[in-house]
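Only one structure is covered here, and it is reproduced in the block below.
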Amino acid sequence: MEQPQNLKITIFQAYLFWENIDKNLQNLALRLSSGIKEKTDLIILPEMFNTGFSMNASSLAEEMNGKTMSWMAQAAIKYDCVITGSLMIRENDKYYNRMIWMLPSGDFQYYDKKHLFGMGEEDQTYTAGTAQVIVDLKGWKIRLAVCYDLRFPVWLRNHDSGYDILLVIASWPDKRIPHWKTLIPARAIENQSYVIAANRVGHDGHEVYYSGHSMCIDAYGSTVYYKPEDEDLYTFSISYEELVKVRRGFPFLRDADHFTLNP
């Protein structure tokens, strides 16, 4: 079986306007239009990219046929690639922090954030997801995760090389960036996968500061991409051949503990 080709990934480490959906969508569209200079396979936006990390779901949450989903579908068509990020979704009288995986065809998959940030009362506003979601992109298996999920290695464990990339979108505050910078390489090394993590920059409406530090770490723990502090729109490539080389040279996953997780 022929192995997958290299992937081109675009991370948008964006500044977000607090609780202003229209302004965020306009700004994101403008920055993508001026900043994407080459064909890419995937555009990654931060957690709650259209509002910032807000608990004001009763006013800001959208239905699955809302304006932000429409915007994502149009962007996927325009750039002929997958686009992903999370937003507040209202469904059956509940709210979800939902990561959307939008294809150029208009088809999509989604992952509802499992670990809700209790210190920020996210668990009082949103309903936790229970499903682990792995999507396919040109033969690569990609595990979806949102922010606080990064702290929970059992939830993210790579059973039997089930995924090749752990993709984390976040609104991770600057004051806990030392944790972020430690946990991402740890997840890459222990799961023998790429970890691609996209954070935001700027202040939110509570004067919480976000300093980015978006990154891509390969299966050996080496840095492919890293950007602190500033807004950044950057495209890089990752190699499936390099992933295979690490897994063959250091076949640690075959000795991993086997267990069943009950969410």
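Labeling convention for the structure tokens: chains A, B, ... as they appear, residues from 1 per chain, ligands from 1 in order of appearance.
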Considering only strand (DSSP E) as DSSP defines it on the backbone, what residues of region 86-178 of chain A qualify? List them as JSON, numbers by chain. {"A": [86, 87, 88, 89, 90, 91, 94, 95, 96, 97, 98, 99, 100, 101, 102, 108, 109, 110, 111, 112, 134, 135, 136, 137, 140, 141, 142, 143, 144, 145, 146, 165, 166, 167, 168, 169]}
Got time to write the residues from that selection, N, CA, C and O atoms, as a short mmCIF file (atom, residue, chain, number, x, y, z; two decimals), in the first residue's frame?
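To be explicit, this is the file written out as selection.cif:
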data_model
loop_
_atom_site.label_atom_id
_atom_site.label_comp_id
_atom_site.auth_asym_id
_atom_site.auth_seq_id
_atom_site.Cartn_x
_atom_site.Cartn_y
_atom_site.Cartn_z
N SER A 86 -12.95 25.96 16.18
CA SER A 86 -14.16 25.69 16.96
C SER A 86 -14.99 26.95 17.15
O SER A 86 -14.50 28.07 17.04
N LEU A 87 -16.27 26.73 17.43
CA LEU A 87 -17.21 27.81 17.70
C LEU A 87 -18.29 27.30 18.66
O LEU A 87 -18.42 26.10 18.89
N MET A 88 -19.03 28.24 19.22
CA MET A 88 -20.16 27.88 20.09
C MET A 88 -21.32 27.42 19.22
O MET A 88 -21.75 28.13 18.30
N ILE A 89 -21.85 26.24 19.54
CA ILE A 89 -23.00 25.71 18.81
C ILE A 89 -24.15 25.45 19.77
O ILE A 89 -23.94 24.89 20.85
N ARG A 90 -25.35 25.86 19.35
CA ARG A 90 -26.57 25.56 20.10
C ARG A 90 -27.27 24.40 19.41
O ARG A 90 -27.54 24.44 18.21
N GLU A 91 -27.58 23.35 20.19
CA GLU A 91 -28.22 22.17 19.62
C GLU A 91 -29.04 21.48 20.69
O GLU A 91 -28.51 21.15 21.76
N LYS A 94 -28.86 22.73 24.22
CA LYS A 94 -27.56 22.64 24.88
C LYS A 94 -26.54 23.42 24.06
O LYS A 94 -26.74 23.68 22.87
N TYR A 95 -25.41 23.77 24.71
CA TYR A 95 -24.33 24.48 24.04
C TYR A 95 -23.08 23.60 24.01
O TYR A 95 -22.78 22.91 24.99
N TYR A 96 -22.38 23.67 22.88
CA TYR A 96 -21.17 22.88 22.71
C TYR A 96 -20.03 23.76 22.21
O TYR A 96 -20.25 24.67 21.40
N ASN A 97 -18.82 23.48 22.69
CA ASN A 97 -17.62 24.06 22.11
C ASN A 97 -17.20 23.05 21.04
O ASN A 97 -16.54 22.07 21.31
N ARG A 98 -17.60 23.33 19.79
CA ARG A 98 -17.56 22.33 18.72
C ARG A 98 -16.48 22.66 17.69
O ARG A 98 -16.49 23.73 17.09
N MET A 99 -15.57 21.73 17.50
CA MET A 99 -14.52 21.84 16.49
C MET A 99 -15.05 21.28 15.18
O MET A 99 -15.44 20.12 15.10
N ILE A 100 -15.06 22.13 14.16
CA ILE A 100 -15.60 21.76 12.86
C ILE A 100 -14.46 21.39 11.91
O ILE A 100 -13.44 22.08 11.86
N TRP A 101 -14.64 20.34 11.18
CA TRP A 101 -13.70 19.89 10.14
C TRP A 101 -14.44 20.03 8.81
O TRP A 101 -15.20 19.16 8.41
N MET A 102 -14.24 21.17 8.13
CA MET A 102 -15.04 21.53 6.95
C MET A 102 -14.28 21.23 5.66
O MET A 102 -13.18 21.74 5.45
N PHE A 108 -18.84 17.92 6.31
CA PHE A 108 -18.04 18.23 7.50
C PHE A 108 -18.20 17.13 8.54
O PHE A 108 -19.14 16.36 8.54
N GLN A 109 -17.22 17.10 9.43
CA GLN A 109 -17.28 16.30 10.65
C GLN A 109 -17.03 17.25 11.82
O GLN A 109 -16.60 18.39 11.62
N TYR A 110 -17.32 16.79 13.02
CA TYR A 110 -17.08 17.66 14.17
C TYR A 110 -16.72 16.87 15.41
O TYR A 110 -17.02 15.69 15.53
N TYR A 111 -16.05 17.58 16.31
CA TYR A 111 -15.66 17.04 17.60
C TYR A 111 -16.10 18.02 18.68
O TYR A 111 -15.77 19.21 18.63
N ASP A 112 -16.86 17.53 19.65
CA ASP A 112 -17.27 18.36 20.79
C ASP A 112 -16.24 18.21 21.90
O ASP A 112 -15.92 17.09 22.32
N ILE A 134 -11.42 10.87 14.89
CA ILE A 134 -10.27 10.83 13.99
C ILE A 134 -10.78 11.04 12.58
O ILE A 134 -11.70 10.35 12.12
N VAL A 135 -10.21 12.01 11.88
CA VAL A 135 -10.60 12.32 10.51
C VAL A 135 -9.46 11.93 9.57
O VAL A 135 -8.33 11.69 10.00
N ASP A 136 -9.79 11.87 8.29
CA ASP A 136 -8.80 11.48 7.27
C ASP A 136 -8.53 12.66 6.35
O ASP A 136 -9.46 13.36 5.92
N LEU A 137 -7.25 12.88 6.05
CA LEU A 137 -6.87 13.90 5.07
C LEU A 137 -5.74 13.34 4.21
O LEU A 137 -4.62 13.17 4.69
N TRP A 140 -3.74 10.59 5.76
CA TRP A 140 -3.28 10.84 7.12
C TRP A 140 -4.48 10.72 8.08
O TRP A 140 -5.56 11.23 7.79
N LYS A 141 -4.25 10.10 9.21
CA LYS A 141 -5.27 10.01 10.25
C LYS A 141 -5.00 11.10 11.28
O LYS A 141 -3.92 11.16 11.87
N ILE A 142 -6.00 11.95 11.52
CA ILE A 142 -5.82 13.13 12.35
C ILE A 142 -6.81 13.11 13.50
O ILE A 142 -8.03 13.07 13.29
N ARG A 143 -6.29 13.14 14.72
CA ARG A 143 -7.12 13.16 15.93
C ARG A 143 -7.42 14.60 16.32
O ARG A 143 -6.51 15.43 16.43
N LEU A 144 -8.68 14.92 16.52
CA LEU A 144 -9.10 16.28 16.86
C LEU A 144 -9.16 16.47 18.37
O LEU A 144 -9.63 15.59 19.11
N ALA A 145 -8.70 17.64 18.83
CA ALA A 145 -8.71 17.96 20.26
C ALA A 145 -8.79 19.47 20.43
O ALA A 145 -8.39 20.23 19.55
N VAL A 146 -9.30 19.90 21.59
CA VAL A 146 -9.47 21.32 21.87
C VAL A 146 -8.85 21.67 23.22
O VAL A 146 -9.23 21.11 24.25
N ILE A 165 -1.47 12.40 13.36
CA ILE A 165 -1.38 13.80 13.81
C ILE A 165 -2.37 14.00 14.94
O ILE A 165 -3.54 13.60 14.82
N LEU A 166 -1.92 14.60 16.02
CA LEU A 166 -2.82 15.12 17.04
C LEU A 166 -2.95 16.62 16.78
O LEU A 166 -1.96 17.34 16.83
N LEU A 167 -4.16 17.07 16.48
CA LEU A 167 -4.41 18.46 16.13
C LEU A 167 -5.16 19.14 17.27
O LEU A 167 -6.29 18.76 17.59
N VAL A 168 -4.51 20.13 17.88
CA VAL A 168 -5.06 20.83 19.04
C VAL A 168 -5.28 22.30 18.69
O VAL A 168 -4.34 22.99 18.30
N ILE A 169 -6.50 22.77 18.84
CA ILE A 169 -6.78 24.20 18.70
C ILE A 169 -7.06 24.75 20.08
O ILE A 169 -7.61 24.06 20.94
#
Find the spatial neighbours of Asp255 (chain A), counting only C-alpha atoms, within a cut-off of 12 Å - ignore same-chain residues fewer than 4 positions away - and output them as JSON, numbers by chain. {"A": [159, 160, 161, 190, 191, 250, 251]}
Rank nothing, just name the residue among A:Glu229, A:Asp80, A:Asp93, A:Asp164 nearest to Gln192 (chain A), using only C-alpha atoms.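 Closest candidate: A:Asp164.
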Extract, using only C-alpha atoms, all DNA, RNA and protein residues at most 12 Å from Lys245 (chain A), discarding same-chain residues fewer than 3 positions from it, and format them as a ChimeraX atom specification. /A:192-193,218-220,239-242,248-251
